[in-house]
file query-v2.cif (mmCIF, C-alpha atoms)
data_target
#
loop_
_atom_site.label_atom_id
_atom_site.label_comp_id
_atom_site.auth_asym_id
_atom_site.auth_seq_id
_atom_site.Cartn_x
_atom_site.Cartn_y
_atom_site.Cartn_z
CA MET A 1 -3.35 3.86 -18.13
CA ASN A 2 -4.44 7.35 -17.07
CA GLN A 3 -3.15 9.45 -19.96
CA PRO A 4 -3.89 10.67 -23.48
CA LEU A 5 -3.63 8.44 -26.52
CA LEU A 6 -3.32 8.84 -30.25
CA ILE A 7 -6.28 6.72 -31.31
CA PHE A 8 -5.82 6.66 -35.06
CA LEU A 9 -4.13 8.29 -37.99
CA ALA A 10 -6.07 8.15 -41.26
CA THR A 11 -4.63 9.11 -44.63
CA GLN A 12 -5.85 9.68 -48.16
CA ASN A 13 -3.67 10.16 -51.25
CA TYR A 14 -0.60 9.90 -49.01
CA LYS A 15 2.28 7.93 -50.54
CA ASN A 16 1.61 4.18 -50.56
CA LEU A 17 -0.83 4.29 -47.63
CA SER A 18 -3.62 5.80 -49.69
CA SER A 19 -7.16 4.88 -48.73
CA ASP A 20 -10.52 5.43 -50.37
CA ASP A 21 -12.20 5.80 -46.99
CA LEU A 22 -10.79 7.84 -44.10
CA ASP A 23 -13.19 6.00 -41.77
CA SER A 24 -11.30 2.75 -42.41
CA ALA A 25 -8.40 3.82 -40.19
CA ILE A 26 -7.11 1.29 -37.68
CA GLU A 27 -7.56 2.10 -34.00
CA LEU A 28 -4.29 2.19 -32.09
CA LYS A 29 -3.80 0.99 -28.53
CA ASN A 30 -1.22 1.52 -25.81
CA LEU A 31 1.01 -1.18 -27.35
CA ASN A 32 1.30 -1.28 -31.15
CA VAL A 33 3.67 -3.60 -33.00
CA PHE A 34 4.08 -2.92 -36.74
CA ILE A 35 5.24 -5.67 -39.09
CA GLY A 36 5.50 -5.84 -42.87
CA SER A 37 8.01 -5.91 -45.68
CA ASN A 38 10.46 -3.13 -46.44
CA GLY A 39 8.65 -0.39 -48.34
CA SER A 40 5.20 -1.39 -47.06
CA GLY A 41 4.49 1.96 -45.40
CA LYS A 42 5.56 1.58 -41.78
CA SER A 43 8.01 4.47 -42.01
CA ASN A 44 5.47 6.53 -43.96
CA PHE A 45 3.01 6.10 -41.09
CA ILE A 46 5.61 7.15 -38.52
CA ASN A 47 6.67 10.12 -40.66
CA CYS A 48 3.12 11.47 -40.40
CA LEU A 49 3.61 11.64 -36.63
CA ILE A 50 7.05 13.24 -36.91
CA PHE A 51 5.57 15.75 -39.38
CA LEU A 52 2.89 16.86 -36.89
CA LYS A 53 5.35 17.20 -34.03
CA ASP A 54 7.78 19.19 -36.17
CA CYS A 55 4.99 21.51 -37.36
CA LEU A 56 4.11 22.34 -33.76
CA THR A 57 7.49 22.39 -32.05
CA LYS A 58 10.16 23.45 -34.55
CA ILE A 59 11.11 27.13 -34.67
CA PRO A 60 10.57 28.66 -38.14
CA ASP A 61 13.70 29.69 -40.03
CA GLN A 62 13.13 33.43 -40.29
CA ASN A 63 16.33 34.01 -42.28
CA ARG A 64 15.18 31.74 -45.10
CA GLY A 65 11.50 32.62 -44.72
CA VAL A 66 10.66 28.95 -44.17
CA SER A 67 7.75 28.07 -41.86
CA SER A 68 7.77 25.05 -39.56
CA PHE A 69 5.14 23.44 -41.84
CA GLN A 70 7.31 23.90 -44.93
CA ASP A 71 10.35 22.50 -43.15
CA ALA A 72 8.38 19.55 -41.72
CA VAL A 73 6.72 18.61 -45.02
CA SER A 74 10.05 18.84 -46.88
CA LYS A 75 11.54 16.28 -44.46
CA ILE A 76 8.85 13.72 -45.35
CA GLY A 77 9.07 14.25 -49.11
CA ALA A 78 7.61 17.67 -50.05
CA ASP A 79 5.48 17.15 -53.19
CA ARG A 80 6.45 13.45 -53.10
CA ILE A 81 3.93 12.95 -50.28
CA LEU A 82 1.29 12.66 -53.01
CA ASP A 83 0.46 9.08 -53.99
CA ASN A 84 2.26 8.28 -57.26
CA SER A 85 -0.92 6.79 -58.72
CA VAL A 86 -2.86 10.05 -58.21
CA GLU A 87 -2.71 12.72 -60.88
CA SER A 88 -1.25 16.04 -59.72
CA PRO A 89 -2.46 18.50 -58.54
CA ALA A 90 -4.44 16.81 -55.77
CA VAL A 91 -5.15 16.99 -52.04
CA VAL A 92 -3.47 14.80 -49.41
CA LYS A 93 -5.62 14.26 -46.31
CA LEU A 94 -4.29 13.49 -42.84
CA ASN A 95 -6.59 12.92 -39.86
CA TYR A 96 -5.19 12.64 -36.33
CA HIS A 97 -7.62 11.51 -33.65
CA PHE A 98 -6.90 11.70 -29.91
CA SER A 99 -8.68 10.13 -26.95
CA LEU A 100 -9.57 11.97 -23.78
CA ILE A 101 -6.99 13.18 -21.32
CA SER A 102 -7.82 12.39 -17.73
CA GLN A 103 -5.54 13.76 -15.03
CA ASN A 104 -6.39 14.02 -11.34
CA GLY A 105 -9.97 13.13 -12.14
CA LYS A 106 -10.42 16.02 -14.59
CA THR A 107 -11.02 15.55 -18.28
CA HIS A 108 -9.19 18.10 -20.40
CA ILE A 109 -9.68 16.80 -23.95
CA ASP A 110 -12.38 14.47 -25.24
CA ASN A 111 -12.28 12.94 -28.71
CA ILE A 112 -10.34 15.57 -30.61
CA THR A 113 -9.68 15.20 -34.34
CA LEU A 114 -7.27 17.34 -36.30
CA GLU A 115 -8.07 17.18 -40.02
CA LEU A 116 -5.54 18.52 -42.53
CA LYS A 117 -5.89 18.92 -46.28
CA ILE A 118 -2.62 19.60 -48.07
CA TYR A 119 -2.69 20.74 -51.70
CA VAL A 120 0.14 19.28 -53.78
CA ASP A 121 1.08 20.46 -57.28
CA ARG A 122 4.16 18.62 -58.53
CA LYS A 123 4.52 20.67 -61.71
CA LYS A 124 4.85 23.86 -59.66
CA ASN A 125 6.69 22.19 -56.73
CA SER A 126 3.92 23.60 -54.55
CA VAL A 127 2.74 22.19 -51.21
CA ARG A 128 0.36 24.23 -49.07
CA ILE A 129 -2.43 23.92 -46.52
CA VAL A 130 -5.90 24.51 -47.98
CA ASP A 131 -8.28 23.24 -45.28
CA GLU A 132 -7.85 22.49 -41.59
CA ILE A 133 -10.37 21.63 -38.86
CA LEU A 134 -10.02 20.89 -35.16
CA LEU A 135 -13.12 18.90 -34.22
CA GLY A 136 -14.31 17.70 -30.88
CA GLY A 137 -14.75 18.36 -27.25
CA LYS A 138 -18.40 18.22 -26.31
CA SER A 139 -20.98 16.83 -28.70
CA ASP A 140 -22.52 20.27 -29.29
CA LYS A 141 -19.25 21.67 -30.64
CA LEU A 142 -18.98 21.06 -34.36
CA TYR A 143 -15.42 22.30 -34.30
CA SER A 144 -13.07 24.41 -32.22
CA TYR A 145 -11.78 26.10 -35.36
CA SER A 146 -11.78 25.62 -39.10
CA ARG A 147 -9.97 27.19 -42.00
CA LYS A 148 -10.85 27.46 -45.66
CA LYS A 149 -7.75 28.64 -47.47
CA GLU A 150 -6.98 32.07 -45.91
CA LEU A 151 -10.09 32.36 -43.68
CA CYS A 152 -10.18 30.91 -40.15
CA SER A 153 -13.30 30.62 -37.96
CA VAL A 154 -12.82 30.07 -34.22
CA LEU A 155 -15.53 28.90 -31.82
CA VAL A 156 -16.44 31.41 -29.07
CA GLU A 157 -18.68 30.57 -26.08
CA GLY A 158 -20.84 32.68 -23.83
CA ILE A 159 -21.30 35.69 -26.16
CA PRO A 160 -25.09 35.97 -26.78
CA ASP A 161 -24.91 38.54 -29.58
CA LEU A 162 -22.17 36.74 -31.56
CA GLU A 163 -23.61 35.50 -34.83
CA ASP A 164 -23.07 31.76 -35.45
CA LYS A 165 -20.80 31.59 -32.34
CA TYR A 166 -17.67 32.00 -34.46
CA GLU A 167 -15.11 34.74 -34.76
CA GLU A 168 -13.43 35.06 -38.14
CA PHE A 169 -9.83 35.89 -39.01
CA ASN A 170 -8.61 36.43 -42.56
CA LYS A 171 -5.29 36.54 -44.36
CA ILE A 172 -4.19 33.26 -42.77
CA SER A 173 -0.96 31.96 -44.31
CA ASN A 174 -1.28 28.76 -46.34
CA LYS A 175 2.33 27.98 -45.44
CA SER A 176 1.61 27.26 -41.76
CA LEU A 177 -0.83 25.20 -39.73
CA VAL A 178 -3.46 27.26 -37.91
CA PHE A 179 -2.89 24.84 -35.04
CA ALA A 180 0.75 25.93 -34.87
CA GLU A 181 0.03 29.66 -35.26
CA LEU A 182 -3.17 29.84 -33.20
CA SER A 183 -1.71 31.80 -30.29
CA GLN A 184 -0.57 34.58 -32.63
CA ILE A 185 -3.87 34.53 -34.53
CA LEU A 186 -5.91 34.85 -31.35
CA GLU A 187 -3.90 37.85 -30.19
CA LYS A 188 -6.23 39.79 -32.50
CA SER A 189 -9.38 38.37 -30.90
CA LYS A 190 -11.95 40.69 -29.33
CA TYR A 191 -12.76 38.08 -26.70
CA PRO A 192 -10.89 36.85 -23.59
CA PRO A 193 -9.21 33.40 -23.64
CA GLU A 194 -11.80 31.88 -21.28
CA LYS A 195 -14.44 32.43 -23.98
CA ILE A 196 -12.41 30.57 -26.62
CA PRO A 197 -12.29 26.81 -25.85
CA VAL A 198 -9.49 26.10 -28.32
CA TYR A 199 -7.02 28.08 -26.19
CA LYS A 200 -6.88 25.30 -23.60
CA ILE A 201 -7.43 22.47 -26.06
CA ARG A 202 -4.45 23.62 -28.11
CA ARG A 203 -2.23 24.05 -25.06
CA ASP A 204 -2.95 20.53 -23.79
CA LEU A 205 -2.56 18.91 -27.21
CA VAL A 206 0.69 20.72 -28.03
CA ASP A 207 2.08 19.72 -24.62
CA PHE A 208 1.08 16.10 -25.33
CA ILE A 209 2.52 16.02 -28.87
CA SER A 210 5.74 17.83 -27.94
CA GLN A 211 6.65 14.91 -25.65
CA TRP A 212 6.59 12.35 -28.47
CA GLN A 213 9.98 10.65 -28.87
CA PHE A 214 11.21 8.79 -31.95
CA TYR A 215 14.10 6.32 -32.08
CA ASN A 216 15.52 4.33 -34.96
CA ALA A 217 18.17 1.75 -34.14
CA ASN A 218 19.86 2.53 -37.47
CA ASN A 219 20.32 6.17 -36.41
CA MET A 220 21.93 5.43 -33.06
CA ASP A 221 25.59 6.46 -33.29
CA LEU A 222 27.55 3.87 -31.32
CA HIS A 223 30.79 5.80 -31.70
CA LYS A 224 29.23 8.92 -30.18
CA ILE A 225 27.59 6.93 -27.40
CA ARG A 226 30.92 5.38 -26.47
CA THR A 227 33.05 8.51 -26.68
CA SER A 228 30.81 11.44 -25.81
CA GLU A 229 31.13 12.98 -22.37
CA PRO A 230 28.17 15.36 -22.08
CA LYS A 231 28.45 18.41 -19.90
CA ILE A 232 26.98 18.35 -16.42
CA GLY A 233 23.98 20.59 -15.89
CA GLY A 234 21.59 19.78 -18.73
CA THR A 235 18.11 18.84 -17.54
CA THR A 236 17.05 16.47 -20.34
CA ILE A 237 15.52 13.14 -19.32
CA TYR A 238 15.06 11.78 -22.86
CA LEU A 239 17.78 10.04 -24.81
CA SER A 240 18.70 11.88 -28.00
CA PRO A 241 18.03 10.08 -31.33
CA SER A 242 21.78 9.35 -31.66
CA GLY A 243 22.08 8.32 -27.99
CA ASP A 244 25.09 10.56 -27.36
CA ASN A 245 23.63 12.08 -24.17
CA LEU A 246 23.28 8.70 -22.42
CA PRO A 247 25.45 9.52 -19.33
CA LEU A 248 23.56 12.78 -18.74
CA VAL A 249 20.15 11.12 -19.08
CA LEU A 250 21.14 8.40 -16.60
CA GLU A 251 22.47 11.04 -14.20
CA ASN A 252 19.26 13.07 -14.39
CA LEU A 253 16.91 10.10 -14.04
CA ILE A 254 18.81 8.82 -11.00
CA ALA A 255 18.62 12.28 -9.43
CA GLN A 256 14.91 12.50 -10.24
CA ASP A 257 13.83 9.07 -8.97
CA ILE A 258 15.49 7.33 -6.02
CA GLU A 259 14.50 3.90 -7.37
CA PHE A 260 15.82 4.33 -10.91
CA GLU A 261 19.47 3.41 -10.24
CA ASP A 262 18.41 0.05 -8.83
CA ILE A 263 15.94 -0.44 -11.71
CA ILE A 264 18.55 0.13 -14.41
CA ASN A 265 21.05 -2.11 -12.62
CA GLN A 266 18.49 -4.92 -12.36
CA ALA A 267 17.74 -4.49 -16.07
CA MET A 268 21.42 -4.88 -16.91
CA LYS A 269 21.69 -7.93 -14.65
CA SER A 270 19.02 -9.58 -16.80
CA ILE A 271 21.42 -9.52 -19.76
CA PHE A 272 24.67 -9.80 -17.79
CA PRO A 273 23.97 -11.62 -14.48
CA LYS A 274 27.39 -10.71 -13.10
CA THR A 275 26.67 -6.99 -13.30
CA ARG A 276 27.41 -5.44 -9.91
CA ARG A 277 26.77 -1.78 -10.59
CA LEU A 278 26.45 0.61 -13.50
CA ARG A 279 26.59 4.32 -12.87
CA PRO A 280 27.30 7.70 -14.47
CA ILE A 281 30.34 9.40 -12.96
CA ARG A 282 32.19 12.70 -13.30
CA SER A 283 34.85 12.77 -15.99
CA GLY A 284 37.05 15.73 -15.22
CA ARG A 285 35.26 18.67 -13.63
CA LEU A 286 32.30 19.29 -15.95
CA SER A 287 31.64 16.10 -17.94
CA LEU A 288 30.05 12.70 -17.44
CA THR A 289 30.88 9.16 -18.47
CA ILE A 290 29.65 5.67 -17.45
CA GLU A 291 31.36 2.98 -15.36
CA TRP A 292 30.17 -0.63 -15.39
CA TYR A 293 31.32 -2.89 -12.52
CA PHE A 294 31.13 -6.69 -12.59
CA GLN A 295 31.43 -9.27 -9.84
CA ASP A 296 34.96 -10.39 -8.96
CA MET A 297 36.46 -7.43 -10.81
CA GLU A 298 37.89 -4.36 -9.10
CA GLU A 299 38.28 -2.16 -12.16
CA PRO A 300 35.20 -0.96 -14.04
CA PHE A 301 34.53 -1.32 -17.74
CA TYR A 302 33.61 1.65 -19.91
CA LEU A 303 31.22 1.77 -22.86
CA SER A 304 34.17 1.92 -25.25
CA GLU A 305 35.00 -1.62 -24.07
CA MET A 306 31.49 -3.04 -24.42
CA SER A 307 30.01 -4.74 -27.49
CA ASP A 308 27.61 -3.00 -29.88
CA GLY A 309 24.68 -5.09 -28.70
CA THR A 310 25.43 -4.37 -25.05
CA VAL A 311 25.51 -0.61 -25.67
CA ARG A 312 22.23 -0.81 -27.59
CA MET A 313 20.54 -2.78 -24.80
CA LEU A 314 21.64 -0.18 -22.26
CA CYS A 315 20.04 2.51 -24.46
CA TRP A 316 16.76 0.58 -24.73
CA ALA A 317 16.80 -0.14 -20.99
CA THR A 318 17.24 3.57 -20.23
CA ILE A 319 14.42 4.54 -22.59
CA LEU A 320 11.95 1.84 -21.57
CA HIS A 321 12.55 1.90 -17.81
CA SER A 322 12.45 5.67 -17.42
CA PRO A 323 10.27 6.85 -14.53
CA GLU A 324 8.99 9.60 -16.84
CA LEU A 325 8.13 8.06 -20.18
CA PRO A 326 7.18 10.24 -23.16
CA SER A 327 3.50 10.53 -24.12
CA LEU A 328 4.24 8.49 -27.26
CA LEU A 329 7.34 6.35 -27.77
CA VAL A 330 8.17 5.16 -31.29
CA ILE A 331 11.03 2.69 -31.81
CA ASP A 332 12.13 1.41 -35.23
CA GLU A 333 13.75 -2.03 -35.34
CA PRO A 334 15.08 -2.26 -31.76
CA GLU A 335 16.38 -5.77 -32.48
CA LEU A 336 19.26 -4.46 -34.59
CA GLY A 337 22.58 -5.94 -33.41
CA LEU A 338 21.09 -7.88 -30.48
CA HIS A 339 21.63 -11.54 -29.60
CA VAL A 340 18.57 -13.72 -30.08
CA SER A 341 18.55 -14.66 -26.38
CA TRP A 342 17.89 -11.01 -25.46
CA MET A 343 14.69 -10.78 -27.53
CA ARG A 344 12.54 -12.17 -24.72
CA ILE A 345 13.96 -9.58 -22.33
CA LEU A 346 13.48 -6.74 -24.82
CA GLY A 347 9.90 -7.86 -25.50
CA GLU A 348 9.09 -7.82 -21.79
CA TRP A 349 10.62 -4.36 -21.38
CA ILE A 350 8.44 -3.06 -24.22
CA LYS A 351 5.24 -4.61 -22.86
CA LYS A 352 5.95 -3.31 -19.35
CA ALA A 353 6.57 0.23 -20.61
CA ALA A 354 3.34 0.07 -22.63
CA ARG A 355 1.39 -0.23 -19.38
CA LYS A 356 2.49 3.33 -18.60
CA THR A 357 2.50 5.05 -22.00
CA GLN A 358 1.69 4.50 -25.67
CA ILE A 359 4.31 2.67 -27.73
CA ILE A 360 4.74 1.93 -31.43
CA VAL A 361 7.43 -0.62 -32.32
CA THR A 362 8.36 -1.72 -35.83
CA THR A 363 10.27 -4.95 -36.29
CA HIS A 364 11.51 -7.43 -38.88
CA SER A 365 12.68 -9.91 -36.24
CA PRO A 366 10.80 -13.23 -36.00
CA ASP A 367 12.64 -13.86 -32.72
CA LEU A 368 11.25 -10.65 -31.20
CA LEU A 369 7.78 -11.28 -32.66
CA ASP A 370 7.63 -14.65 -30.89
CA HIS A 371 7.35 -12.73 -27.63
CA PHE A 372 4.26 -10.83 -28.81
CA THR A 373 2.28 -14.00 -29.55
CA ASP A 374 0.40 -13.41 -26.29
CA CYS A 375 -0.88 -10.02 -27.49
CA LEU A 376 -1.79 -10.55 -31.16
CA GLU A 377 -4.49 -7.87 -30.98
CA ASN A 378 -1.68 -5.31 -30.60
CA VAL A 379 0.08 -6.38 -33.82
CA TYR A 380 -0.60 -4.63 -37.13
CA CYS A 381 0.52 -6.03 -40.46
CA PHE A 382 1.20 -3.68 -43.37
CA ALA A 383 -0.08 -5.96 -46.12
CA THR A 384 -0.38 -5.60 -49.88
CA LYS A 385 -3.63 -3.96 -51.00
CA ASP A 386 -2.93 -3.71 -54.74
CA THR A 387 0.10 -3.33 -56.98
CA GLN A 388 1.01 0.08 -55.55
CA HIS A 389 -0.55 0.31 -52.10
CA PHE A 390 -0.44 -1.25 -48.65
CA GLN A 391 -2.99 -1.27 -45.85
CA MET A 392 -2.81 -1.89 -42.12
CA LYS A 393 -4.38 -5.15 -41.03
CA LYS A 394 -4.95 -5.83 -37.37
CA LEU A 395 -4.15 -9.38 -36.26
CA SER A 396 -6.35 -11.36 -33.91
CA GLU A 397 -6.31 -14.69 -32.11
CA GLU A 398 -9.36 -15.81 -34.10
CA MET A 399 -7.52 -15.14 -37.38
CA LEU A 400 -4.60 -17.36 -36.35
CA SER A 401 -6.32 -19.80 -34.01
CA SER A 402 -5.68 -22.93 -36.08
CA LYS A 403 -1.96 -22.17 -36.37
CA LEU A 404 -1.67 -21.29 -32.68
CA GLU A 405 -3.32 -24.58 -31.72
CA GLU A 406 -0.67 -26.39 -33.77
CA GLY A 407 2.02 -24.71 -31.66
CA TRP A 408 3.06 -21.94 -34.04
CA GLU A 409 4.19 -18.63 -32.61
CA LEU A 410 3.91 -15.28 -34.34
CA GLY A 411 7.58 -15.17 -35.29
CA ASP A 412 7.32 -18.62 -36.87
CA LEU A 413 4.51 -17.45 -39.15
CA TYR A 414 6.43 -14.30 -40.07
CA ARG A 415 9.57 -16.31 -40.81
CA VAL A 416 7.83 -18.59 -43.33
CA GLY A 417 5.79 -15.80 -44.96
CA ASP A 418 2.37 -17.04 -43.88
CA PRO A 419 -0.36 -15.28 -45.96
CA SER A 420 -2.43 -14.56 -42.83
CA ILE A 421 0.18 -12.02 -41.71
CA GLY A 422 1.03 -10.51 -45.06
CA GLY A 423 2.96 -13.27 -46.77
CA TRP A 424 6.11 -12.61 -48.74
CA PRO A 425 6.57 -9.13 -50.23
CA TRP A 426 6.64 -10.44 -53.82
#
call {"tool": "encode", "arguments": {"input": "query-v2.cif", "output": "structure tokens"}}
result
Amino acid sequence: MNQPLLIFLATQNYKNLSSDDLDSAIELKNLNVFIGSNGSGKSNFINCLIFLKDCLTKIPDQNRGVSSFQDAVSKIGADRILDNSVESPAVVKLNYHFSLISQNGKTHIDNITLELKIYVDRKKNSVRIVDEILLGGKSDKLYSYSRKKELCSVLVEGIPDLEDKYEEFNKISNKSLVFAELSQILEKSKYPPEKIPVYKIRRDLVDFISQWQFYNANNMDLHKIRTSEPKIGGTTIYLSPSGDNLPLVLENLIAQDIEFEDIINQAMKSIFPKTRRLRPIRSGRLSLTIEWYFQDMEEPFYLSEMSDGTVRMLCWATILHSPELPSLLVIDEPELGLHVSWMRILGEWIKKAARKTQIIVTTHSPDLLDHFTDCLENVYCFATKDTQHFQMKKLSEEMLSSKLEEGWELGDLYRVGDPSIGGWPW
């Protein structure tokens, strides 16, 4: 897979995923399946990713004087991000580590780590950035930039008379990430962009992170999917979180890739063998809808006539078979509302897509987990650490070898609450 990856996310003092050692973070792969009881921290982990994307891509609300950082941290809990067992005020640490990017034989980013320290004071309802470092690149670069409260130091190359190789900027807002505001900060630099490595590093990383897509089956609005008729002309190729732009996404992907229409029809034939053709069509002059034709039937069906599970499977098929997958695809509980016989198909779609991009899937379905028994090293269990905390535990074939030899599959072990994969949540 010739693309960037999020290698790990480490946390300290963050909700119920607190850790005494940031170096104990679990390494992620291209396929990552998260299991564990409700409240074990899976959503907290994912919210850390949503938080970073929102910090970098959301437009600040100038009218309210709210920065993208303030808006993003409020969505994941504001001062509630601090572990309940830690006395306030305290610092929450988040470390995001990325692998190299290799495109057309050229390496753009190599082992980059973004370290954030967020000061939380519950008594004052205060949440602010106090320290931030972007590490990495070549081994001789200690960091591309660092901040200590309101002072930011940025690495500069090729300037012999520059003391310590860093240019300093002061009066940096503690209500925004330097990483998000770096372009504006560097407008005051005395040096050209080619002398400041973080210019390109930031551009590549922001482009990578901005492509991340998050889906939660509980948030898909089946009524909107069935009834919406999006306007022709939008260029989006990613399904919205609610799914209401499905006809437009199908239209755009078919126009973009000559093979996609056949791919999506073959995918639908795997769940309904009598499928003849599914296609987006014009509804009126400026809108789109979807027709679904079956063998031995002249008239098409429309999504308003299809079952909930069928509509959901069409959404997952569109997302997972896209010729242009996002750089990170996160799907919460895709099994919701699906017949057990479709779990094998859904599992194969997920594994196939993971050969082309990085995927995180959370599930509570033993029937879906059965179809990941052949890739146990990609499964992570959020297991009890103590009375208030959970930790990620990576599964392995060695760990479960005796059960596998007896004929157990992963879903079987999950169904009976086997202690080796977390046990029961009480």
call {"tool": "residues_around", "arguments": {"input": "query-v2.cif", "residues": "A:Thr275", "least_positions_apart": "4", "cutoff": "7 Å", "atoms": "only C-alpha atoms", "output": "list in words"}}
result
Met268, Lys269, Tyr293, Phe294 and Gln295 of chain A
call {"tool": "resolve_selection", "arguments": {"input": "query-v2.cif", "expression": "the PyMOL selection byres ((chain A and resi 401-406) around 12)", "output": "PDB file with C-alpha atoms, keeping the file's coordinate frame"}}
result
ATOM      1  CA  ASP A 370       7.630 -14.650 -30.890  1.00  0.00           C
ATOM      2  CA  THR A 373       2.280 -14.000 -29.550  1.00  0.00           C
ATOM      3  CA  ASP A 374       0.400 -13.410 -26.290  1.00  0.00           C
ATOM      4  CA  LEU A 376      -1.790 -10.550 -31.160  1.00  0.00           C
ATOM      5  CA  LEU A 395      -4.150  -9.380 -36.260  1.00  0.00           C
ATOM      6  CA  SER A 396      -6.350 -11.360 -33.910  1.00  0.00           C
ATOM      7  CA  GLU A 397      -6.310 -14.690 -32.110  1.00  0.00           C
ATOM      8  CA  GLU A 398      -9.360 -15.810 -34.100  1.00  0.00           C
ATOM      9  CA  MET A 399      -7.520 -15.140 -37.380  1.00  0.00           C
ATOM     10  CA  LEU A 400      -4.600 -17.360 -36.350  1.00  0.00           C
ATOM     11  CA  GLY A 407       2.020 -24.710 -31.660  1.00  0.00           C
ATOM     12  CA  TRP A 408       3.060 -21.940 -34.040  1.00  0.00           C
ATOM     13  CA  GLU A 409       4.190 -18.630 -32.610  1.00  0.00           C
ATOM     14  CA  LEU A 410       3.910 -15.280 -34.340  1.00  0.00           C
ATOM     15  CA  GLY A 411       7.580 -15.170 -35.290  1.00  0.00           C
ATOM     16  CA  ASP A 412       7.320 -18.620 -36.870  1.00  0.00           C
ATOM     17  CA  LEU A 413       4.510 -17.450 -39.150  1.00  0.00           C
ATOM     18  CA  ASP A 418       2.370 -17.040 -43.880  1.00  0.00           C
ATOM     19  CA  PRO A 419      -0.360 -15.280 -45.960  1.00  0.00           C
ATOM     20  CA  SER A 420      -2.430 -14.560 -42.830  1.00  0.00           C
ATOM     21  CA  ILE A 421       0.180 -12.020 -41.710  1.00  0.00           C
TER      22      ILE A 421
END
call {"tool": "atom_distance", "arguments": {"input": "query-v2.cif", "atom1": "atom CA of A:Cys152", "atom2": "atom CA of A:Ile50"}}
result
24.9 Å
call {"tool": "atom_distance", "arguments": {"input": "query-v2.cif", "atom1": "atom CA of A:Pro241", "atom2": "atom CA of A:Gly337"}}
result
16.8 Å
call {"tool": "resolve_selection", "arguments": {"input": "query-v2.cif", "expression": "the PyMOL selection byres ((chain A and resi 319-336) around 8)", "output": "PyMOL selection string"}}
result
chain A and resi 3-5+46+208-209+211-218+237-239+253+257+260+263-264+315-318+337-338+343+349-350+353+356-365+368
call {"tool": "residues_around", "arguments": {"input": "query-v2.cif", "residues": "A:Ser88", "least_positions_apart": "2", "cutoff": "9 Å", "atoms": "only C-alpha atoms", "output": "ChimeraX atom specification"}}
result
/A:82,84,86,90-91,120-123
